[in-house]
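Take a look at the structure below.
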Amino acid sequence: MNTATADSELTNLLLEQADRLLRAEVTREVLARADAGACPTPLWEICEQAGLPAALLPEAAGGAGIAMADGMRLVRQLGYHAVPLPLAETMLAQALWSAAGGAPVTGSMTLVAESLALRRRGVRYTLAGRASRVPWGTAVQHLLLEAHDEDGLRLVLVPQSALSGKAVGEPVRNLAFEPRDTIDFDAVEVDEAMVRQAPRQLLFALGALMRAQQMAGAMERCLDFAVSYAMERRQFGRPIAKFQAIQHMLAEAAGHYAAAVAAADLGADAWGGAQFEFAVAAAKSRVGEAAGKVAAIVHQVHGAMGFTQEHPLHFSTRRLWSWRDEFGGEGHWQTRLGHLVCAAGGSALWPALTAD
Amino acid sequence: MQAFRFDAPPLPPEASEACERVRAFLATECGGGRYVPHRCSWSTFDPEFSRRAGAAGFIGVTWPREVGGQAQSSLVRFVITREMLAAGAPCGAHWIADRQSGPQILRHGSERARREILPRVCRGECFFGIGMSEPDSGSDLAAVRTRARRHGEGWLIDGSKIWTSQAHRVHYLIVLARTGEAGEDRHGGLTQFIVDLSASGVTVRPIHNLSGGHEFNEVFFREYYVPDDMRLGDEGAGWAMVTGELAFERSGPDRFLSDYRLLVELIDTIGPEPDARQAAEIGRLVSHLAALLRMSTSVAALLDEGRSPNTEAALVKDVGTAFEREVPEIARLLLPLQPSLDDHAQRLPETLAHVVLHAPSFTIRGGTREILRGIIARGLGLR
Ligand SMILES: Cc1cc2nc3c(=O)[nH]c(=O)nc-3n(C[C@H](O)[C@H](O)[C@H](O)COP(=O)(O)OP(=O)(O)OC[C@H]3O[C@@H](n4cnc5c(N)ncnc54)[C@H](O)[C@@H]3O)c2cc1C
């Protein structure tokens with residue numbers, strides 16, 4: 001990662017602290033209760049005290065001043081621990097909102113994948129459009145979205161208070177039982193302080209990168225589970241890890257995981273550059289593909305036990321099966337990348353792949 | 001799990017500078033019609049190209065100046081090789097010497113070997129092959145039976161090697177031979193020698209591969225004499241030497257760019273307006289390639305720091321060769337293609353033909369997929 005040593009040390013410290021904290025706090029019981037619909041408020045408070053939601057904010061704004069590329073390592077860790085909160089969403093929304101010059105806000109936030117329409121009426125703005133499957137859409141305090149008005153692209157921060165009665169249909173959850181709400185933004189009004197100029201469309205791609213990083217973390221967790229299970233579980237008088245078929249399955253999974261980490265980091269390092277969309281398209285495509293393959297392999301290794309609620313594997317694999325389709329699945333991003341590549345022609349591919 | 005990290009530190013300025021230089025060199029070579037990218041791969045043997053690459057300073061760049069090198073970091077070499085492969089340059093003549101034989105001689109060779117051989121390698125005038133595999137010793141390399149016994153001031157070698165790439169064209173082989181007892185771990189008693197193929201006592205028999213090409217060979221030794229100063233390293237230290245270089249052999253761009261030109265031809269033939277399936281499949285392949293390039297760059301950086309990331313290198317080769325094997329399989333689904341080596345009118349069918357007929361070897365040469373997975377499993381702590 002392209003960061004000065006001092007920054008990396010700070011990041012490493014924060015990562016270590018976060019890892020210790022999450023290991024202790026995100027227990028199976030907490031995860032099971034979140035599955036059952038209980039909002040893990042105490043966990044949020046603990047994370048807030050540790051400064052995690054504000055980690056990417058500048059120090060002047062009360063944050064830890066972590067750069068985006070490094071922040072993505074934290075996002076990956078949240079994925080590793082399957083943190084059942086919109087914590088990654090909040091970290092990134094905070095960073096974007098603050099970078100756009102938005103006034104500081106506190107509490108949980110989310111990122112809306114779809115862009116909406118916006119119209120100015122004096123000192124207020126009115127939104128139009130609908131967003132589906134918004135992560136924790138009705139639970140968070142603020143929703144960050146991109147919207148077009150007559151003059152261009154805007155970043156809009158919508159407080160939950162402006163959305164009462166705007167949730168559409170029955171509450172929907174993803175496969176990991178994380179809330180994903182459809183919200184009707186038609187006629188929702190926001191104050192002009194909540195509207196900022198957006199330099200270019202980034203939210204969807206940043207959301208995709210966030211999920212890619214979380215998946216990389218979740219895959220690491222899956223491999224941890226699978227490796228220790230393979231060493232403990234005995235059949236035919238020996239640990240199943242001794243069977244070459246098991247070794248090769250896990251080696252294959254490790255290959256997908258390794259490629260996923262590389263691809264996710266590629267996206268993180270491209271933040272702020274001209275190649276960001278290209279890199280995110282590669283990242284979400286490669287990581288999403290790996291997610292399905294790794295999940296399949298680790299389940300095979302766990303036998304029936306992995307198919308139960310009792311073993312914690314499902315907290316990670318159900319997230320993989322959901323996250324790969326959020327903010328654009330492989331189908332979306334592969335196609336996008338393919339169009340970018342074909343439009344530029346064969347000889348432009350190598351310079352794009354090796355651009356700094 | 002000890003997480004893998006594939007950090008890609010920014011390339012040092014001298015690597016970026018080398019990148020510019022090698023791109024300019026390759027543009028001249030290719031533009032001047034001195035090679036045809038879609039008919040070449042890194043195993044294409046072209047001594048004239050290698051001579052020009054050597055003259056331009058692209059071989060042995062990491063070696064010290066006194067043997068003709070430029071004392072550059074291995075990231076500079078990484079960039080040079082990466083660029084050569086992406087441009088489809090015919091690097092086969094100097095590839096092995098630059099990648100592994102030269103570094104072995106530099107580290108373990110006698111003063112005479114270093115002085116006489118390495119400068120010629122750097123000039124692109126002296127080529128090497130690898131004499132490891134034998135008829136009864138493939139994946140199980142420790143089973144080699146070719147023997148070397150002391151004789152006067154040197155050694156006499158008896159036995160045979162097989163699958164020896166380019167033995168009919170290169171000047172030297174590095175031969176792994178048994179010089180003593182294997183011991184309990186089976187890794188003892190092996191020694192490497194620099195073998196001059198122009199000397200007497202060695203014969204080379206061609207083996208044609210399934211594409212009809214003559215690339216590899218069987219090599220027979222009968223009382224072949226090697227002077228002691230052509231021994232590499234200590235007697236009995238051969239095993240550590242062959243395994244010590246594996247991270248270099250397995251993590252390089254040659255493990256995922258063997259058919260890069262096919263991908264380029266495919267993109268150009270599809271054109272700027274792909275249909276949905278073409279776009280998705282091209283996007284998928286490019287996503288794999290982007291990840292591999294980063295993995296490989298990151299291993300190159302670790303090697304440059306003097307570490308030996310063997311598991312990571314095995315991962316690059318396993319994932320990389322799986323990718324290489326997939327490219328032709330996808331290509332044929334995206335366009336109505338019938339591959340043929342004779343169809344010179346169109347580039348894509350010819351490139352595809354070449355790749356289809358070589359693809360089986362991608363996951364065999366340099367350590368089979370199964371052997372690599374065993375190494376990765378060991379890295380995971382499973383064995
Ligand atoms: C194009 C090409 C060029 C080559 N060039 C050279 C060269 O220049 N110099 C040189 O020395 N060699 C060269 N080789 C040889 C190469 O190193 C060997 O082919 C390779 O090491 C495998 O050995 P083998 O072919 O004898 O296969 P085997 O070892 O007989 O393997 C056959 C099959 O059994 C599997 N297998 C073997 N052992 C195990 C195990 N323990 N667990 C699970 N599966 C196993 C293998 O994975 C493979 O699928 C070349 C090979 C090719 C294809």
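Ordered as shown in the structure tokens, chains take letters A, B, and onward, while each chain numbers its residues from 1 and ligands are numbered from 1 in the order shown.
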
Distance filter 6 Å, only C-alpha atoms, chain A against chain B, as an NGL selection string
:A and (1 or 224 or 241 or 247-248 or 251 or 255 or 259 or 262-263 or 282 or 286 or 334-335 or 337-339 or 342-343 or 345-346)

What would the file look like if the residues just selected were written as a tab-separated table (two decimals), in the first residue's frame with N, CA and C atoms?
```tsv
chain	number	residue	atom	x	y	z
A	1	MET	N	0.83	-1.20	0.00
A	1	MET	CA	0.00	0.00	0.00
A	1	MET	C	0.86	1.25	0.00
A	224	ASP	N	-9.84	-19.97	7.62
A	224	ASP	CA	-9.44	-20.27	8.99
A	224	ASP	C	-10.30	-21.39	9.57
A	241	ALA	N	-7.49	-33.60	7.15
A	241	ALA	CA	-6.44	-32.78	6.51
A	241	ALA	C	-5.39	-33.65	5.83
A	247	GLN	N	-6.65	-31.51	0.95
A	247	GLN	CA	-5.54	-30.56	0.80
A	247	GLN	C	-5.68	-29.77	-0.50
A	248	HIS	N	-6.02	-30.48	-1.57
A	248	HIS	CA	-6.09	-29.80	-2.86
A	248	HIS	C	-7.29	-28.87	-2.95
A	251	ALA	N	-6.22	-25.86	-1.08
A	251	ALA	CA	-5.20	-25.11	-1.83
A	251	ALA	C	-5.86	-24.31	-2.94
A	255	GLY	N	-5.98	-20.22	-3.42
A	255	GLY	CA	-5.65	-19.50	-4.64
A	255	GLY	C	-6.70	-18.45	-4.97
A	259	ALA	N	-6.04	-14.39	-4.90
A	259	ALA	CA	-6.36	-13.53	-6.05
A	259	ALA	C	-7.37	-12.46	-5.62
A	262	ALA	N	-5.57	-9.73	-3.75
A	262	ALA	CA	-4.81	-8.89	-4.68
A	262	ALA	C	-5.76	-7.95	-5.43
A	263	ALA	N	-6.88	-8.49	-5.89
A	263	ALA	CA	-7.82	-7.67	-6.66
A	263	ALA	C	-8.44	-6.59	-5.78
A	282	ALA	N	-12.50	-4.74	-11.89
A	282	ALA	CA	-11.69	-5.96	-11.78
A	282	ALA	C	-11.84	-6.56	-10.39
A	286	ARG	N	-13.49	-10.19	-9.68
A	286	ARG	CA	-12.61	-11.28	-9.25
A	286	ARG	C	-12.97	-11.76	-7.85
A	334	GLN	N	-18.20	-7.48	-14.65
A	334	GLN	CA	-17.46	-8.09	-15.75
A	334	GLN	C	-17.86	-7.42	-17.07
A	335	THR	N	-19.15	-7.20	-17.24
A	335	THR	CA	-19.63	-6.59	-18.48
A	335	THR	C	-19.09	-5.18	-18.62
A	337	LEU	N	-16.38	-3.97	-17.29
A	337	LEU	CA	-14.95	-4.05	-17.57
A	337	LEU	C	-14.71	-4.47	-19.01
A	338	GLY	N	-15.48	-5.44	-19.47
A	338	GLY	CA	-15.34	-5.91	-20.85
A	338	GLY	C	-15.59	-4.79	-21.85
A	339	HIS	N	-16.60	-3.98	-21.56
A	339	HIS	CA	-16.88	-2.86	-22.47
A	339	HIS	C	-15.73	-1.85	-22.45
A	342	CYS	N	-12.78	-3.55	-24.41
A	342	CYS	CA	-13.00	-3.70	-25.86
A	342	CYS	C	-13.03	-2.33	-26.54
A	343	ALA	N	-13.64	-1.36	-25.88
A	343	ALA	CA	-13.71	-0.04	-26.50
A	343	ALA	C	-12.31	0.53	-26.70
A	345	GLY	N	-9.52	-1.29	-27.06
A	345	GLY	CA	-8.75	-2.11	-27.99
A	345	GLY	C	-7.63	-2.88	-27.30
A	346	GLY	N	-7.19	-3.95	-27.96
A	346	GLY	CA	-6.22	-4.88	-27.38
A	346	GLY	C	-4.92	-4.22	-26.94
```

Ligand 1 neighbours within 10 Å using only C-alpha atoms and all ligand atoms, as a ChimeraX atom specification
/A:244-245,248 /B:43,96,128-141,161-167,173-176,209,215-218,358-374

How would the residues just chosen look if you wrote them out with N, CA and C atoms as a compact mmCIF listing (two decimals), in the first residue's frame?
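Once everything was written out, this is result_16.txt:
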```txt
# COMPACT_ATOMS: atom_id res chain seq x y z
N GLN A 244 -5.40 -36.13 0.51
CA GLN A 244 -4.93 -35.21 -0.51
C GLN A 244 -6.08 -34.45 -1.17
N ALA A 245 -7.24 -35.11 -1.25
CA ALA A 245 -8.38 -34.42 -1.86
C ALA A 245 -8.74 -33.17 -1.06
N HIS A 248 -6.02 -30.48 -1.57
CA HIS A 248 -6.09 -29.80 -2.86
C HIS A 248 -7.29 -28.87 -2.95
N SER B 43 8.57 -19.01 -24.84
CA SER B 43 9.45 -20.14 -25.12
C SER B 43 9.92 -20.17 -26.58
N ILE B 96 15.97 -19.02 -19.81
CA ILE B 96 16.36 -19.88 -18.69
C ILE B 96 17.65 -19.36 -18.04
N PHE B 128 21.09 -21.43 -21.97
CA PHE B 128 21.07 -22.56 -21.04
C PHE B 128 19.78 -23.37 -21.11
N GLY B 129 19.88 -24.61 -20.67
CA GLY B 129 18.71 -25.45 -20.47
C GLY B 129 18.77 -26.08 -19.09
N ILE B 130 17.66 -26.73 -18.72
CA ILE B 130 17.55 -27.31 -17.38
C ILE B 130 17.59 -28.83 -17.47
N GLY B 131 18.56 -29.44 -16.81
CA GLY B 131 18.66 -30.89 -16.84
C GLY B 131 18.26 -31.51 -15.51
N MET B 132 17.00 -31.45 -15.21
CA MET B 132 16.52 -32.04 -13.96
C MET B 132 15.78 -33.35 -14.21
N SER B 133 14.67 -33.29 -14.98
CA SER B 133 13.79 -34.45 -15.12
C SER B 133 14.50 -35.63 -15.77
N GLU B 134 14.06 -36.82 -15.37
CA GLU B 134 14.57 -38.06 -15.96
C GLU B 134 13.37 -38.96 -16.23
N PRO B 135 13.61 -40.01 -17.02
CA PRO B 135 12.48 -40.89 -17.32
C PRO B 135 11.75 -41.38 -16.07
N ASP B 136 12.47 -41.67 -15.01
CA ASP B 136 11.79 -42.16 -13.80
C ASP B 136 11.74 -41.13 -12.70
N SER B 137 12.01 -39.90 -13.03
CA SER B 137 12.03 -38.86 -12.01
C SER B 137 11.42 -37.58 -12.57
N GLY B 138 10.11 -37.44 -12.36
CA GLY B 138 9.41 -36.24 -12.82
C GLY B 138 9.09 -35.36 -11.63
N SER B 139 7.88 -35.49 -11.12
CA SER B 139 7.53 -34.73 -9.92
C SER B 139 8.42 -35.11 -8.75
N ASP B 140 8.79 -36.38 -8.72
CA ASP B 140 9.62 -36.87 -7.62
C ASP B 140 11.09 -36.66 -7.99
N LEU B 141 11.50 -35.41 -7.95
CA LEU B 141 12.83 -35.05 -8.45
C LEU B 141 13.96 -35.70 -7.65
N LYS B 161 18.76 -37.56 -19.18
CA LYS B 161 17.77 -36.55 -18.79
C LYS B 161 16.68 -36.54 -19.85
N ILE B 162 15.50 -36.09 -19.47
CA ILE B 162 14.42 -36.06 -20.46
C ILE B 162 13.62 -34.77 -20.32
N TRP B 163 12.89 -34.46 -21.36
CA TRP B 163 12.07 -33.23 -21.46
C TRP B 163 12.95 -31.98 -21.43
N THR B 164 14.20 -32.14 -21.80
CA THR B 164 15.15 -31.04 -21.67
C THR B 164 14.89 -30.02 -22.79
N SER B 165 14.23 -28.92 -22.42
CA SER B 165 13.84 -27.93 -23.42
C SER B 165 15.07 -27.32 -24.08
N GLN B 166 15.03 -27.27 -25.39
CA GLN B 166 16.03 -26.59 -26.21
C GLN B 166 17.44 -27.16 -26.07
N ALA B 167 17.57 -28.38 -25.58
CA ALA B 167 18.91 -28.97 -25.43
C ALA B 167 19.63 -29.03 -26.77
N LEU B 173 23.80 -27.01 -20.17
CA LEU B 173 22.71 -27.42 -19.27
C LEU B 173 23.24 -27.35 -17.85
N ILE B 174 22.34 -27.12 -16.91
CA ILE B 174 22.71 -27.39 -15.52
C ILE B 174 22.05 -28.71 -15.17
N VAL B 175 22.90 -29.67 -14.83
CA VAL B 175 22.44 -31.04 -14.64
C VAL B 175 22.47 -31.40 -13.15
N LEU B 176 21.35 -31.95 -12.69
CA LEU B 176 21.28 -32.43 -11.31
C LEU B 176 21.64 -33.90 -11.32
N ASN B 209 6.84 -32.66 -29.72
CA ASN B 209 5.64 -32.54 -28.88
C ASN B 209 4.39 -32.70 -29.73
N GLU B 215 10.79 -29.04 -29.34
CA GLU B 215 11.22 -28.14 -28.28
C GLU B 215 12.00 -28.91 -27.23
N PHE B 216 11.48 -30.07 -26.84
CA PHE B 216 12.25 -30.78 -25.83
C PHE B 216 12.94 -32.04 -26.37
N ASN B 217 13.76 -32.62 -25.52
CA ASN B 217 14.70 -33.65 -25.95
C ASN B 217 14.97 -34.64 -24.84
N GLU B 218 15.64 -35.73 -25.27
CA GLU B 218 16.23 -36.61 -24.28
C GLU B 218 17.75 -36.44 -24.43
N HIS B 358 -0.52 -26.08 -26.99
CA HIS B 358 0.50 -25.99 -25.94
C HIS B 358 -0.07 -25.94 -24.53
N ALA B 359 -1.36 -25.64 -24.43
CA ALA B 359 -1.96 -25.42 -23.12
C ALA B 359 -1.78 -26.58 -22.13
N PRO B 360 -1.84 -27.84 -22.58
CA PRO B 360 -1.68 -28.90 -21.58
C PRO B 360 -0.37 -28.79 -20.80
N SER B 361 0.65 -28.24 -21.45
CA SER B 361 1.96 -28.18 -20.78
C SER B 361 2.01 -27.08 -19.71
N PHE B 362 1.10 -26.10 -19.79
CA PHE B 362 1.19 -24.97 -18.84
C PHE B 362 1.11 -25.44 -17.39
N THR B 363 0.26 -26.45 -17.16
CA THR B 363 0.06 -26.90 -15.77
C THR B 363 0.93 -28.11 -15.44
N ILE B 364 1.94 -28.36 -16.29
CA ILE B 364 2.87 -29.47 -16.01
C ILE B 364 4.29 -28.96 -15.82
N ARG B 365 4.74 -28.16 -16.80
CA ARG B 365 6.14 -27.71 -16.76
C ARG B 365 6.39 -26.87 -15.49
N GLY B 366 7.58 -27.02 -14.95
CA GLY B 366 7.94 -26.21 -13.78
C GLY B 366 7.23 -26.61 -12.50
N GLY B 367 6.72 -27.84 -12.45
CA GLY B 367 5.99 -28.29 -11.25
C GLY B 367 4.51 -28.39 -11.57
N THR B 368 3.95 -29.59 -11.47
CA THR B 368 2.55 -29.77 -11.87
C THR B 368 1.61 -29.08 -10.89
N ARG B 369 0.39 -28.87 -11.36
CA ARG B 369 -0.63 -28.27 -10.51
C ARG B 369 -0.77 -29.03 -9.18
N GLU B 370 -0.72 -30.36 -9.27
CA GLU B 370 -0.94 -31.15 -8.06
C GLU B 370 0.20 -30.96 -7.08
N ILE B 371 1.43 -30.88 -7.60
CA ILE B 371 2.59 -30.66 -6.73
C ILE B 371 2.48 -29.28 -6.08
N LEU B 372 2.07 -28.29 -6.88
CA LEU B 372 1.92 -26.93 -6.32
C LEU B 372 0.87 -26.91 -5.22
N ARG B 373 -0.23 -27.62 -5.45
CA ARG B 373 -1.29 -27.62 -4.43
C ARG B 373 -0.80 -28.28 -3.15
N GLY B 374 0.08 -29.26 -3.31
CA GLY B 374 0.67 -29.86 -2.12
C GLY B 374 1.50 -28.84 -1.35
```

When you count only C-alpha atoms, which of these residues is closest to Leu175 (chain A): A:Ala24, A:Arg324, A:Leu57, A:Glu330?
A:Arg324

Extract, using only C-alpha atoms, all DNA, RNA and protein residues at most 6 Å from Ala167 (chain A), discarding same-chain residues fewer than 2 positions from it, and format them as a PyMOL selection string.
chain A and resi 165+182-183

List the spatial neighbours of Ser8 (chain A) as a list in words - criterion: any atom at most 12 Å away, only C-alpha atoms, same-chain residues fewer than 6 positions off excluded.
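Skipping anything fewer than 6 positions along the chain leaves Met1, Asn2, Leu14, Leu15, Glu16, Gly65, Ile66, Ala67, Ala69, Asp70, Gly71 and Arg73 of chain A.
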
Which residues, written as a PyMOL selection string, have at least one atom at most 9 Å from Gly63 (chain A), with only C-alpha atoms counted and residues fewer than 5 positions away on the same chain left out?
chain A and resi 51-58

Given only C-alpha atoms as the basis, pick out the residue of B:Arg186, B:Arg255, B:His38, B:His171 nearest to Gly88 (chain B).
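Residue with the minimum atom-to-atom distance to Gly88 (chain B): B:His38.
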
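The shortest atom-to-atom distance to Glu350 (chain B), with only C-alpha atoms taken into account, belongs to B:Cys40 out of B:Cys40, B:Asp304, B:Gly32, B:Arg21.
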
So which residues of region 46-294 of chain B fall under strand (DSSP E or B) by DSSP, listed as a ChimeraX atom specification?
/B:128-131,134,137,147-151,154-162,172-178,190-196,202-208,214-227,231-232,237

DSSP-assigned alpha helix (DSSP H) members of region 53-261 of chain A, reported as a ChimeraX atom specification
/A:68-80,87-99,203-232,244-261
